[in-house]
Amino acid sequence: MTFLGNWQKTTKSLEERFGHLLGKELMADMTFLVGSNETRIPGHRLILAANSHDFYNVLYRLRPDRMELRIEDVSVGVFLKFLEYCYTGHVHLEMDKVFDVLKLAMRYEMRHLEGTCVNFVVRHMKTTNCLRFLKKSWDLNCLRLIHKCQEHLAENIGEVLSNKRVPIDFPELPHGAVKWIVELETLQCDEKSLFDAVMMWSRRECSRCDLPMTPQNMRTVLGDIIYQIRFPTMTTQEFAECNKMYPELLSADEMTKIMVFSTVPAAKVRFNVNPRLEATFTSLYTDNGVQEVATIRRITKAHRVFDDHNRHGIRLTSSRRIDVYGFGIVVKEGKSIYGKCSMWDPEYGFHFPDVKPDVRRKLWENYEIVYVIFKHSLTLEPSTSYELSFFNCANVCCVDEIVRESVRKEEITFHFEKFQDFAAIPAILYRILR
């Protein structure tokens with residue numbers, strides 16, 4: 001053994017002292033054989049058993065004759081990342097290794113390391129990679145990460161399905177993940193786009209099952225998923241395109257009933273006939289770099305709308321420095337609106353920006369979304385609570401919906417809180433300041 005000097009004296013913390021032992025023979029009392037080449041990595045039973053009850057059982061209670069453990073399904077680099085956490089309580093994760101580290105954390109029931117890995121993945125989640133993340137988390141059966149991927153998909157499915165990676169990533173999803181997506185009530189996309197993605201998956205599934213790629217076989221591999229495709233909610237043109245692309249996917253009887261349903265809503269069909277819940281807002285300002293965040297999940301015909309409420313407000317905190325350009329509000333169709341707006345910051349006091357209704361967009365039935373735009377944007381500092389209120393309003397509606405506590409976009413996280421006696425302002429228009 002090489003003499004390593006008085007390292008106990010020169011290391012400043014407990015973390016440094018245990019970290020000094022990582023990968024060294026010094027005081028090691030067991031060995032890992034890692035990877036296909038069985039690379040030998042020394043270990044220290046006490047440290048490992050303190051991190052995982054599984055290690056404790058194997059290394060202390062079972063007392064094997066040879067203190068050697070084989071770890072065959074990860075690389076040496078990944079396993080050293082895992083040991084780094086065991087020895088120091090910290091780990092420097094990388095995207096190409098994090099899922100393998102997560103696999104080890106789940107195998108040895110290290111919930112603290114599992115949470116670290118999940119948080120790392122969530123921070124790097126985007127519309128371009130969330131399908132891949134969902135597949136990997138599903139393969140690992142990591143429920144914590146599956147739920148995070150599902151939340152991101154539910155709110156960004158329109159952008160996900162329009163991404164160029166969809167033909168690569170969506171077909172690789174497991175059957176259960178596809179079924180979950182198709183059954184969602186809250187997808188912000190049109191049904192035809194979802195149908196196209198599902199059929200990509202069914203073609204790939206036929207290939208995996210060594211089946212000829214015919215509409216009948218594609219339907220077979222879909223199983224009950226086919227009945228969650230909401231054909232009755234498609235336009236006549238969209239439905240015709242589906243039948244042209246995949247003849248014989250639906251039986252003649254099913255096609256007839258779906259077409260009858262479009263004119264006779266009481267007709268019975270086996271397919272889900274309920275439209276997916278509408279997105280609350282769709283920003284009309286993205287071309288100018290202005291983004292939108294909804295403070296409630298969505299507005300649908302099922303929600304109760306109050307036509308008389310003159311106090312609207314929201315408390316918000318952002319993780320990044322932003323400019324706020326305005327907000328979205330629900331009004332009765334064709335009605336003019338007016339009122340006063342204020343932005344209150346506990347440290348700097350009141351701001352009274354001039355506001356004006358700018359753009360209207362049809363919501364449903366007799367209601368519209370109106371974007372109220374400040375004449376001059378307001379700068380909000382990160383991690384600071386602000387109160388945005390719109391009061392003495394006329395013709396502004398209130399939606400009976402719960403405010404979302406936390407919303408994560410790709411580069412920013414918002415926290416919202418509803419005023420006790422105010423109706424919630426449903427959406428905020430903002431731009432991140434670099």
# chains A, B, ... in the order shown; residues from 1 in each chain; ligands from 1

call {"tool": "residues_around", "arguments": {"residues": "A:Ser377", "least_positions_apart": "6", "cutoff": "8 Å", "atoms": "only C-alpha atoms", "output": "list in words"}}
result
Asp323, Val324, Tyr325 and Gly326 of chain A

call {"tool": "write_last_selection", "arguments": {"atoms": "C-alpha atoms", "output": "PDB file, in the first residue's frame"}}
result
ATOM      1  CA  ASP A 323     -40.321  42.077 -17.879  1.00  0.00           C
ATOM      2  CA  VAL A 324     -44.098  41.787 -17.507  1.00  0.00           C
ATOM      3  CA  TYR A 325     -45.970  43.090 -20.549  1.00  0.00           C
ATOM      4  CA  GLY A 326     -49.540  42.452 -19.506  1.00  0.00           C
TER       5      GLY A 326
END

call {"tool": "closest_residue", "arguments": {"among": "A:Lys362, A:Arg144, A:Lys135, A:Arg320", "to": "A:Cys117", "atoms": "only C-alpha atoms"}}
result
A:Arg144

call {"tool": "select_by_dssp", "arguments": {"residues": "stretch 38-255 of chain A", "states": "strand (DSSP E)", "output": "PyMOL selection string"}}
result
chain A and resi 39-43+68-71

call {"tool": "closest_residue", "arguments": {"among": "A:Lys268, A:His415, A:Arg219, A:Lys24", "to": "A:Tyr386", "atoms": "only C-alpha atoms"}}
result
A:His415

call {"tool": "closest_residue", "arguments": {"among": "A:Glu238, A:Glu183, A:Glu292, A:Glu84", "to": "A:Asp224", "atoms": "only C-alpha atoms"}}
result
A:Glu183

call {"tool": "closest_residue", "arguments": {"among": "A:Met106, A:Ile432, A:Leu131, A:Gly334", "to": "A:Leu143", "atoms": "only C-alpha atoms"}}
result
A:Met106

call {"tool": "atom_distance", "arguments": {"atom1": "atom CA of A:Asn129", "atom2": "atom CA of A:Val160"}}
result
8.7 Å

call {"tool": "atom_distance", "arguments": {"atom1": "atom CA of A:Met259", "atom2": "atom CA of A:Arg230"}}
result
12.4 Å

call {"tool": "atom_distance", "arguments": {"atom1": "atom CA of A:Ala105", "atom2": "atom CA of A:Val121"}}
result
14.2 Å

call {"tool": "closest_residue", "arguments": {"among": "A:Asn243, A:Met30, A:Ile337, A:Gly35", "to": "A:Ala49", "atoms": "only C-alpha atoms"}}
result
A:Met30
